[in-house]
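Trainee: Below is one structure. I have some questions about it.
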There are 2 protein chains.
Amino acid sequence: MATNIFGGFKEYSVAEFFKKNRQMLGFSGKIRSLTTLVHEYLTNSLDACGEAGIHPEIEVWVEEVEKNNKYRIKVRDNGPGIPEKLLGKALGMMLAGTKFHRYVQSRGQQGIGAAGCTMYSLITTGQPVNVVSKYDGKKISCKLGIDFKANKPVLTEIVREECPIEEHGLEVEGIFGDVKYEKSAQGVGEYLKRTAIANPHAKIIFNSPDGEKFIYPQSVEELPEKSEEVKPHPLGIGANDLLDIAKGAKEYTKLSAMLQNEFTRISLNKVKELQELTPEVDLNMKPTKLSWEDAEKLVLGFKKIKWIAPATDSVVPVGQRQIEKSLENILNPEIVYVTKRPPRIYRGGIPFIVEVGIAYGGDINKEGKGGVIMRFANRAPLLFDSGGCAITQTAKNIDWKRYEIKKFEEYPVAILVNIASVHIPYTSAGKQSIASEDDIAEEIRNAIMEAGRHVQKHLSGKRREREKSTKKKAIMKYVGQISADMAELADQKDAKAAIKGDLEKMISERFE
Amino acid sequence: MATNIFGGFKEYSVAEFFKKNRQMLGFSGKIRSLTTLVHEYLTNSLDACGEAGIHPEIEVWVEEVEKNNKYRIKVRDNGPGIPEKLLGKALGMMLAGTKFHRYVQSRGQQGIGAAGCTMYSLITTGQPVNVVSKYDGKKISCKLGIDFKANKPVLTEIVREECPIEEHGLEVEGIFGDVKYEKSAQGVGEYLKRTAIANPHAKIIFNSPDGEKFIYPQSVEELPEKSEEVKPHPLGIGANDLLDIAKGAKEYTKLSAMLQNEFTRISLNKVKELQELTPEVDLNMKPTKLSWEDAEKLVLGFKKIKWIAPATDSVVPVGQRQIEKSLENILNPEIVYVTKRPPRIYRGGIPFIVEVGIAYGGDINKEGKGGVIMRFANRAPLLFDSGGCAITQTAKNIDWKRYEIKKFEEYPVAILVNIASVHIPYTSAGKQSIASEDDIAEEIRNAIMEAGRHVQKHLSGKRREREKSTKKKAIMKYVGQISADMAELADQKDAKAAIKGDLEKMISERFE
């Protein structure tokens, strides 16, 4: 008996896992799957351009190839391209990439995205994707598939050519099944529009299946500041993280030196302070000898010390002026306000910034829908899973009445929330929803409230204006009669016009 | 420049991936993390007992060990235990297990759960878990950790002993940080209560941190039918699945034979029908030669054929009587109705059954909350992520007014929905929410509507009863007066009581 139960015990690859659980990568539902595909490629293109310091120019084609929910998708960028030795792994191997191990802000972070797209092509149409990469004067074209059992890329029909070094970029083209194009709030069109909003430095062109061409031109000159790779901040870091760093820090002979070098904001003075707080931990020990107990004590010590906040250059916001400009361009509102707040830290000493833009009036509820919430994470729009997202939950729980917005859903108000961080805590690999970490939710709340107060000022100003103008009108109604009466009483009928003029002037000055 | 960008390109293990993305395994928030830990262990215990044909007796201890959100969790079952050679992999290696490759209904299916718990212990308290397994007369005790870089288990302090063969089972005990016990709708207590509801064949004991002991006794004698490992059904299977099966089917020389053997419901006659529908595909070819194009044609052919539904024994429902009994026990309602519907199929020919129990009145909104939705997947309660779950979404979109329930949220109505399948399409590895696959959502909708109609009958009966009784009361009010008047008119004052009796009898009969 017993042996039978365990007869089927097997190990399997991460590629097989995601092939069976494709919904975890955002491939559930035809419309969402199409948006996911474009999202993954676009994200990689924007990140690559960002790292290489290139103004992104990205063109996207979506074209129906068969009525049977099959579409050809092509994305071409002017990024640096990918060298041949990494091309396969970057696009055809799960859990491989430049981003996972590094402490740097980027849209992608999990090393799954593009390989997930290749997987989706294989499991829905059986076809590998076509790739053309121009990198450093070398052009390589190939078909790219995945060996699922081994989680390895399979390159075929490789053609290598020389190309001018000024030509660089990546082009990926695939035929995907079980997808559908729709002009909806969750479709590719809306996705690209919102990407353009949060990336005014990029030029994005979209060729839709209907034959339309949408061009979102570059609208600001300067590139976003390049996000720097940073060292972790001691505040809030877990014993586990500290141990991980210590175990890997074989080059140090003393823990005290490792702390100063491997963390931001730990100076010699801070080490001394730490030693006083944790006299039982020997800071002269070799880092690799650190025990869990000592790591726990040090982490508790960290929490008692007053630290300087982490450096701002590790997280790069979209920028106050950029968001203002974007919101003005697309919504044409009465008023726009964008917050500019310092970075905060959450679990594990991870810095993040929340930016909130708010817009009121104008074109916002032209289509009868108020209370628009536009969610972004590291400039990438989030269109799905809004129910479980910290941004939506926080925004809906705001007591909007305090800001003269009686019903958020019905008022012509739109908010844009962007969270920038080296590590966004997504609720799933689909990367469409941000987990409600307390520190993040609180900061979102405060930022929205700050933005709300500005709208409230504007609206209460408008309300007073309206009240004043109602009073003024009420008084003005009697001016004609009063002037006539006064002129008659004073027996100076000719003065009626003059008296009226004076009265009107008085009243107008009063209600200025 | 270009080289720098790719300098950090690395591969990493699935254990490192989930260590960094623990929220994907359900470890986000202290309360949820505690429930997730208990859920994973309990799920494994129930599955193991189910496979071995044992009446489960599972005891759970949760105990606070430090104020600092650290708890000791122990789960002990009377299952078959785990043999030494698989113990490490089962509890300390991601993507390994008996369930992933098999086409059989079980709670667990991803081969991550228990290894995820070991991971959580390591990253929150630095401690391995203590394991005692008694399997086939052999007892092994050890400490179990994970080498994250390699995704391999690490066993230490191994002690091997003999034990009587009648003694069998698994005990896992660990100390976990970043967790919190709370008596809430999402706490461990509620989780275990709901598990008991859906598993009346199991005995579950819970020792809470408050020192309380909750015992949920076994309430039905018979074990659930054992879920059989099944072959896939041709209806709805994808070209990709068919190709996968064909490539692995090296033992067949003819595709036609493979189709008959590797699928359920494909008979020789059906193969002939298929051949007529797809004359261009050579069914005599070797399966390993099957091309994507031919696979696509065969799949289109499958869709044109009338098939017998998949065998019922592949999905095991909780059972009509069992759910009825459970709902009566805990809710003490006026009326209970449980559906008994045939299995359906969704994507890839995967059979599933939806069971809906509905209960009205009784203790349901004792605490002022109506419209209770209890979600289950293969008998495991789902407590989190309700917003994105197909069950919640479907239940809330039902037009409850049609069933005499004016406001679902306020009426004393509770529904229990269990989905049983060999492969539940969870939205994330946290396994708390079911993706809105069209076929599944539709079947949930139909099942709830069926249940709703029964409540509607009951309620409209009650309403008519109430209306009748109002009428009866109105007429009865006059009986005294009429009897007296009639007696007086007939000049037989003594007959008043008799007349009144007759009249009352007449009226009562009329309104019976």
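Every chain in the structure tokens has a letter given in the order shown (A, B, ...), and although residue numbers restart at 1 in each chain, ligands are simply numbered from 1 in the order shown.
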Within 6 Å of chain A, which residues belong to chain B? Use only C-alpha atoms and report them as a compact mmCIF listing (two decimals) with N, CA and C atoms, in the first residue's frame.
Mentor:
# COMPACT_ATOMS: atom_id res chain seq x y z
N GLY B 8 25.17 41.75 -14.70
CA GLY B 8 24.50 41.09 -13.57
C GLY B 8 23.61 39.94 -13.96
N PHE B 9 23.72 39.46 -15.20
CA PHE B 9 22.82 38.39 -15.65
C PHE B 9 23.09 37.10 -14.88
N LYS B 10 22.05 36.58 -14.22
CA LYS B 10 22.23 35.39 -13.40
C LYS B 10 21.03 34.49 -13.48
N GLU B 11 21.27 33.22 -13.17
CA GLU B 11 20.15 32.30 -12.99
C GLU B 11 19.94 32.10 -11.50
N TYR B 12 18.73 31.83 -11.11
CA TYR B 12 18.51 31.59 -9.69
C TYR B 12 17.47 30.51 -9.49
N GLN B 23 4.87 36.54 -0.59
CA GLN B 23 3.44 36.84 -0.63
C GLN B 23 2.72 35.98 -1.66
N MET B 24 3.46 35.48 -2.66
CA MET B 24 2.82 34.63 -3.66
C MET B 24 2.41 33.28 -3.08
N LEU B 95 8.70 22.54 -5.81
CA LEU B 95 8.41 21.87 -7.07
C LEU B 95 8.85 20.41 -7.06
N ALA B 96 8.42 19.71 -6.05
CA ALA B 96 8.64 18.27 -5.98
C ALA B 96 7.46 17.70 -5.23
N GLY B 97 6.96 16.57 -5.68
CA GLY B 97 5.84 15.98 -4.96
C GLY B 97 5.14 14.94 -5.79
N THR B 98 4.09 14.38 -5.20
CA THR B 98 3.39 13.30 -5.89
C THR B 98 2.27 13.83 -6.76
N ILE B 123 13.17 31.91 7.26
CA ILE B 123 13.39 33.34 7.03
C ILE B 123 12.80 34.21 8.14
N GLY B 126 14.96 31.71 11.56
CA GLY B 126 16.25 31.07 11.32
C GLY B 126 16.30 29.62 11.74
N ASN B 240 -1.72 21.96 -27.63
CA ASN B 240 -0.49 21.83 -26.87
C ASN B 240 -0.50 20.60 -25.96
N TRP B 292 2.27 20.22 -34.91
CA TRP B 292 1.34 21.17 -34.30
C TRP B 292 0.09 21.34 -35.17
N GLY B 387 -12.32 38.95 -3.14
CA GLY B 387 -12.72 39.89 -4.18
C GLY B 387 -12.52 39.37 -5.59
N THR B 427 -5.92 31.57 -8.82
CA THR B 427 -5.36 32.77 -9.43
C THR B 427 -3.91 32.98 -9.01
N SER B 428 -3.48 32.38 -7.91
CA SER B 428 -2.08 32.53 -7.51
C SER B 428 -1.67 31.34 -6.67
Trainee: Where does DSSP see strand (DSSP E) in range 176-215 of chain B, if you list the residues as a ChimeraX atom specification?
Mentor: /B:176,203-207,213-215
Trainee: Would you list the contacts of Gly361 in chain B as a PyMOL selection string, taking every protein, DNA or RNA residue within 8 Å and counting only C-alpha atoms, but skipping same-chain residues closer than 3 positions in sequence?
Mentor: chain B and resi 332-335+364-365+412-413
Trainee: Residues of the last selection are to be written out with N, CA and C atoms, as a PDB file, in the first residue's frame.
Mentor:
ATOM      1  N   ASN B 332     -28.100  25.647  12.233  1.00  0.00           N
ATOM      2  CA  ASN B 332     -29.436  25.436  12.785  1.00  0.00           C
ATOM      3  C   ASN B 332     -30.496  26.205  11.994  1.00  0.00           C
ATOM      4  N   PRO B 333     -30.513  26.057  10.671  1.00  0.00           N
ATOM      5  CA  PRO B 333     -31.370  26.916   9.843  1.00  0.00           C
ATOM      6  C   PRO B 333     -32.798  26.393   9.704  1.00  0.00           C
ATOM      7  N   GLU B 334     -33.694  27.227   9.200  1.00  0.00           N
ATOM      8  CA  GLU B 334     -35.065  26.826   8.886  1.00  0.00           C
ATOM      9  C   GLU B 334     -35.097  25.830   7.749  1.00  0.00           C
ATOM     10  N   ILE B 335     -34.245  26.096   6.739  1.00  0.00           N
ATOM     11  CA  ILE B 335     -34.252  25.247   5.560  1.00  0.00           C
ATOM     12  C   ILE B 335     -32.841  25.104   5.035  1.00  0.00           C
ATOM     13  N   ILE B 364     -28.055  32.148  11.329  1.00  0.00           N
ATOM     14  CA  ILE B 364     -27.174  32.725  10.312  1.00  0.00           C
ATOM     15  C   ILE B 364     -26.809  34.176  10.563  1.00  0.00           C
ATOM     16  N   ASN B 365     -27.817  35.026  10.785  1.00  0.00           N
ATOM     17  CA  ASN B 365     -27.310  36.375  11.098  1.00  0.00           C
ATOM     18  C   ASN B 365     -27.512  36.788  12.546  1.00  0.00           C
ATOM     19  N   PRO B 412     -30.808  36.531   6.226  1.00  0.00           N
ATOM     20  CA  PRO B 412     -30.142  35.419   6.932  1.00  0.00           C
ATOM     21  C   PRO B 412     -29.933  34.228   6.008  1.00  0.00           C
ATOM     22  N   VAL B 413     -29.091  34.415   5.014  1.00  0.00           N
ATOM     23  CA  VAL B 413     -28.858  33.347   4.058  1.00  0.00           C
ATOM     24  C   VAL B 413     -27.362  33.046   4.000  1.00  0.00           C
TER      25      VAL B 413
END
Trainee: Would you kindly return, as a list in words, each protein, DNA or RNA residue with an atom no farther than 7 Å from any atom of Phe176 in chain A, considering only C-alpha atoms and excluding same-chain residues fewer than 6 positions away?
Mentor: Lys70, Tyr71, Arg72, Tyr120, Ser121, Thr124 and Thr125 of chain A
Trainee: Could you save the residues just selected, with N, CA and C atoms, as a PDB file, in the first residue's frame?
Mentor:
ATOM      1  N   LYS A  70      -6.471  34.250 -32.792  1.00  0.00           N
ATOM      2  CA  LYS A  70      -5.022  34.230 -32.981  1.00  0.00           C
ATOM      3  C   LYS A  70      -4.558  35.598 -33.445  1.00  0.00           C
ATOM      4  N   TYR A  71      -3.514  36.127 -32.839  1.00  0.00           N
ATOM      5  CA  TYR A  71      -2.996  37.444 -33.193  1.00  0.00           C
ATOM      6  C   TYR A  71      -1.484  37.381 -33.347  1.00  0.00           C
ATOM      7  N   ARG A  72      -0.997  38.211 -34.286  1.00  0.00           N
ATOM      8  CA  ARG A  72       0.437  38.405 -34.406  1.00  0.00           C
ATOM      9  C   ARG A  72       0.782  39.648 -33.589  1.00  0.00           C
ATOM     10  N   TYR A 120       3.802  31.200 -23.757  1.00  0.00           N
ATOM     11  CA  TYR A 120       2.400  31.344 -24.164  1.00  0.00           C
ATOM     12  C   TYR A 120       2.234  31.101 -25.662  1.00  0.00           C
ATOM     13  N   SER A 121       3.203  31.556 -26.439  1.00  0.00           N
ATOM     14  CA  SER A 121       3.167  31.290 -27.871  1.00  0.00           C
ATOM     15  C   SER A 121       3.222  29.783 -28.123  1.00  0.00           C
ATOM     16  N   THR A 124      -0.057  27.961 -27.075  1.00  0.00           N
ATOM     17  CA  THR A 124      -1.317  28.307 -27.731  1.00  0.00           C
ATOM     18  C   THR A 124      -1.268  28.165 -29.254  1.00  0.00           C
ATOM     19  N   THR A 125      -0.081  28.240 -29.852  1.00  0.00           N
ATOM     20  CA  THR A 125      -0.005  28.038 -31.298  1.00  0.00           C
ATOM     21  C   THR A 125       1.119  27.085 -31.692  1.00  0.00           C
TER      22      THR A 125
END
Trainee: Name the residues of range 283-326 of chain A that fall into alpha helix (DSSP H) according to DSSP on the backbone, using the chain letters and numbers of this document, as a ChimeraX atom specification.
Mentor: /A:292-304,320-326
Trainee: Using only C-alpha atoms, determine which residues lie at most 9 Å from range 453-470 of chain B, disregarding the query and same-chain residues fewer than 2 positions distant; provide the list as number ranges by chain.
Mentor: B: 335-337, 358-360, 402-405, 448-451, 472-475, 511-512
Trainee: For Tyr252 in chain B, list every protein, DNA or RNA residue within 7 Å, evaluated using only C-alpha atoms, and leave out those in the same chain fewer than 4 positions away; present the list as number ranges by chain.
Mentor: B: 257-258, 286-287
Trainee: Include C-alpha atoms and write out the residues we just selected as a short mmCIF file (atom, residue, chain, number, x, y, z; two decimals), in the first residue's frame.
Mentor:
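That gives us again38.cif:
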data_model
loop_
_atom_site.label_atom_id
_atom_site.label_comp_id
_atom_site.auth_asym_id
_atom_site.auth_seq_id
_atom_site.Cartn_x
_atom_site.Cartn_y
_atom_site.Cartn_z
CA ALA B 257 -4.10 3.49 -30.64
CA MET B 258 -2.63 6.26 -28.53
CA LYS B 286 3.69 7.37 -34.99
CA PRO B 287 2.43 9.67 -32.22
#
Trainee: Need to verify the contact set: range 208-222 of chain A, 9 Å, only C-alpha atoms, exclusion of same-chain residues closer than 5 positions in sequence. Can you return it as a PDB file with N, CA and C atoms, in the first residue's frame?
Mentor:
ATOM      1  N   HIS A  55      16.755  57.423 -25.287  1.00  0.00           N
ATOM      2  CA  HIS A  55      15.362  57.863 -25.389  1.00  0.00           C
ATOM      3  C   HIS A  55      14.552  56.763 -26.056  1.00  0.00           C
ATOM      4  N   PRO A  56      13.611  56.146 -25.359  1.00  0.00           N
ATOM      5  CA  PRO A  56      12.937  54.980 -25.954  1.00  0.00           C
ATOM      6  C   PRO A  56      12.025  55.378 -27.123  1.00  0.00           C
ATOM      7  N   GLU A  57      12.120  54.615 -28.194  1.00  0.00           N
ATOM      8  CA  GLU A  57      11.150  54.684 -29.286  1.00  0.00           C
ATOM      9  C   GLU A  57      10.680  53.263 -29.520  1.00  0.00           C
ATOM     10  N   VAL A  60       4.607  49.098 -31.502  1.00  0.00           N
ATOM     11  CA  VAL A  60       3.877  47.861 -31.204  1.00  0.00           C
ATOM     12  C   VAL A  60       2.871  47.597 -32.316  1.00  0.00           C
ATOM     13  N   TRP A  61       2.872  46.379 -32.839  1.00  0.00           N
ATOM     14  CA  TRP A  61       1.875  45.959 -33.827  1.00  0.00           C
ATOM     15  C   TRP A  61       1.020  44.834 -33.239  1.00  0.00           C
ATOM     16  N   VAL A  62      -0.268  44.952 -33.363  1.00  0.00           N
ATOM     17  CA  VAL A  62      -1.161  43.849 -32.996  1.00  0.00           C
ATOM     18  C   VAL A  62      -2.085  43.627 -34.183  1.00  0.00           C
ATOM     19  N   GLU A  63      -2.153  42.395 -34.651  1.00  0.00           N
ATOM     20  CA  GLU A  63      -2.853  42.117 -35.902  1.00  0.00           C
ATOM     21  C   GLU A  63      -3.532  40.753 -35.795  1.00  0.00           C
ATOM     22  N   GLU A  64      -4.795  40.700 -36.193  1.00  0.00           N
ATOM     23  CA  GLU A  64      -5.517  39.430 -36.134  1.00  0.00           C
ATOM     24  C   GLU A  64      -5.060  38.568 -37.319  1.00  0.00           C
ATOM     25  N   TYR A  71      -3.514  36.127 -32.839  1.00  0.00           N
ATOM     26  CA  TYR A  71      -2.996  37.444 -33.193  1.00  0.00           C
ATOM     27  C   TYR A  71      -1.484  37.381 -33.347  1.00  0.00           C
ATOM     28  N   TYR A 181      -8.337  41.120 -28.915  1.00  0.00           N
ATOM     29  CA  TYR A 181      -8.176  42.566 -28.839  1.00  0.00           C
ATOM     30  C   TYR A 181      -9.530  43.213 -28.610  1.00  0.00           C
ATOM     31  N   VAL A 188      -5.198  46.607 -24.711  1.00  0.00           N
ATOM     32  CA  VAL A 188      -3.847  47.042 -25.046  1.00  0.00           C
ATOM     33  C   VAL A 188      -3.794  48.554 -25.300  1.00  0.00           C
ATOM     34  N   GLY A 189      -4.837  49.088 -25.939  1.00  0.00           N
ATOM     35  CA  GLY A 189      -4.862  50.516 -26.240  1.00  0.00           C
ATOM     36  C   GLY A 189      -4.754  51.355 -24.977  1.00  0.00           C
ATOM     37  N   LEU A 192      -1.304  51.074 -23.366  1.00  0.00           N
ATOM     38  CA  LEU A 192      -0.237  51.869 -23.982  1.00  0.00           C
ATOM     39  C   LEU A 192      -0.430  53.350 -23.696  1.00  0.00           C
ATOM     40  N   LYS A 193      -1.680  53.804 -23.661  1.00  0.00           N
ATOM     41  CA  LYS A 193      -1.948  55.206 -23.348  1.00  0.00           C
ATOM     42  C   LYS A 193      -1.435  55.536 -21.948  1.00  0.00           C
ATOM     43  N   ALA A 196       2.248  55.697 -21.762  1.00  0.00           N
ATOM     44  CA  ALA A 196       2.723  56.985 -22.270  1.00  0.00           C
ATOM     45  C   ALA A 196       2.572  58.079 -21.218  1.00  0.00           C
ATOM     46  N   ILE A 197       1.477  58.057 -20.456  1.00  0.00           N
ATOM     47  CA  ILE A 197       1.259  59.059 -19.401  1.00  0.00           C
ATOM     48  C   ILE A 197       2.410  59.044 -18.404  1.00  0.00           C
ATOM     49  N   ASN A 199       5.385  57.825 -18.849  1.00  0.00           N
ATOM     50  CA  ASN A 199       6.709  57.832 -19.472  1.00  0.00           C
ATOM     51  C   ASN A 199       6.791  58.904 -20.556  1.00  0.00           C
ATOM     52  N   PRO A 200       6.627  60.172 -20.131  1.00  0.00           N
ATOM     53  CA  PRO A 200       6.598  61.231 -21.140  1.00  0.00           C
ATOM     54  C   PRO A 200       7.921  61.359 -21.907  1.00  0.00           C
ATOM     55  N   HIS A 201       8.980  60.696 -21.450  1.00  0.00           N
ATOM     56  CA  HIS A 201      10.265  60.758 -22.155  1.00  0.00           C
ATOM     57  C   HIS A 201      10.323  59.759 -23.308  1.00  0.00           C
ATOM     58  N   ALA A 202       9.294  58.890 -23.417  1.00  0.00           N
ATOM     59  CA  ALA A 202       9.324  57.844 -24.442  1.00  0.00           C
ATOM     60  C   ALA A 202       8.378  58.158 -25.584  1.00  0.00           C
ATOM     61  N   LYS A 203       8.733  57.662 -26.766  1.00  0.00           N
ATOM     62  CA  LYS A 203       7.824  57.735 -27.903  1.00  0.00           C
ATOM     63  C   LYS A 203       7.247  56.341 -28.111  1.00  0.00           C
ATOM     64  N   GLN A 322       6.240  66.324 -14.722  1.00  0.00           N
ATOM     65  CA  GLN A 322       5.908  65.370 -15.776  1.00  0.00           C
ATOM     66  C   GLN A 322       4.470  64.852 -15.619  1.00  0.00           C
ATOM     67  N   LYS A 325       1.946  67.601 -16.442  1.00  0.00           N
ATOM     68  CA  LYS A 325       1.837  67.789 -17.878  1.00  0.00           C
ATOM     69  C   LYS A 325       1.001  66.681 -18.514  1.00  0.00           C
ATOM     70  N   SER A 326       1.256  65.459 -18.106  1.00  0.00           N
ATOM     71  CA  SER A 326       0.517  64.329 -18.657  1.00  0.00           C
ATOM     72  C   SER A 326      -0.967  64.437 -18.350  1.00  0.00           C
TER      73      SER A 326
END
Trainee: Nearest to Thr36 in chain A: which of A:Ile419, A:Leu170, A:Ile73, A:Met506 is it, counting only C-alpha atoms?
Mentor: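 Among A:Ile419, A:Leu170, A:Ile73, A:Met506, it is A:Ile73 that comes nearest to Thr36 in chain A.
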Trainee: Measuring between only C-alpha atoms, which one of B:Glu171, B:Asp282, B:Glu161, B:Glu355 shows the shortest distance to Val318 in chain B?
Mentor: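 Using only C-alpha atoms, Val318 in chain B sits closest to B:Glu355.
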Trainee: Which value, in Å to one decimal, gives the distance between CA of Phe148 in chain B and CA of Thr278 in chain A?
Mentor: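 About the pair CA of Phe148 in chain B and CA of Thr278 in chain A: they are 29.1 Å apart.
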Trainee: Find the distance between CA of Thr288 in chain A and CA of Phe18 in chain B and write it in Å to one decimal.
Mentor: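 CA of Thr288 in chain A sits 23.8 Å away from CA of Phe18 in chain B.
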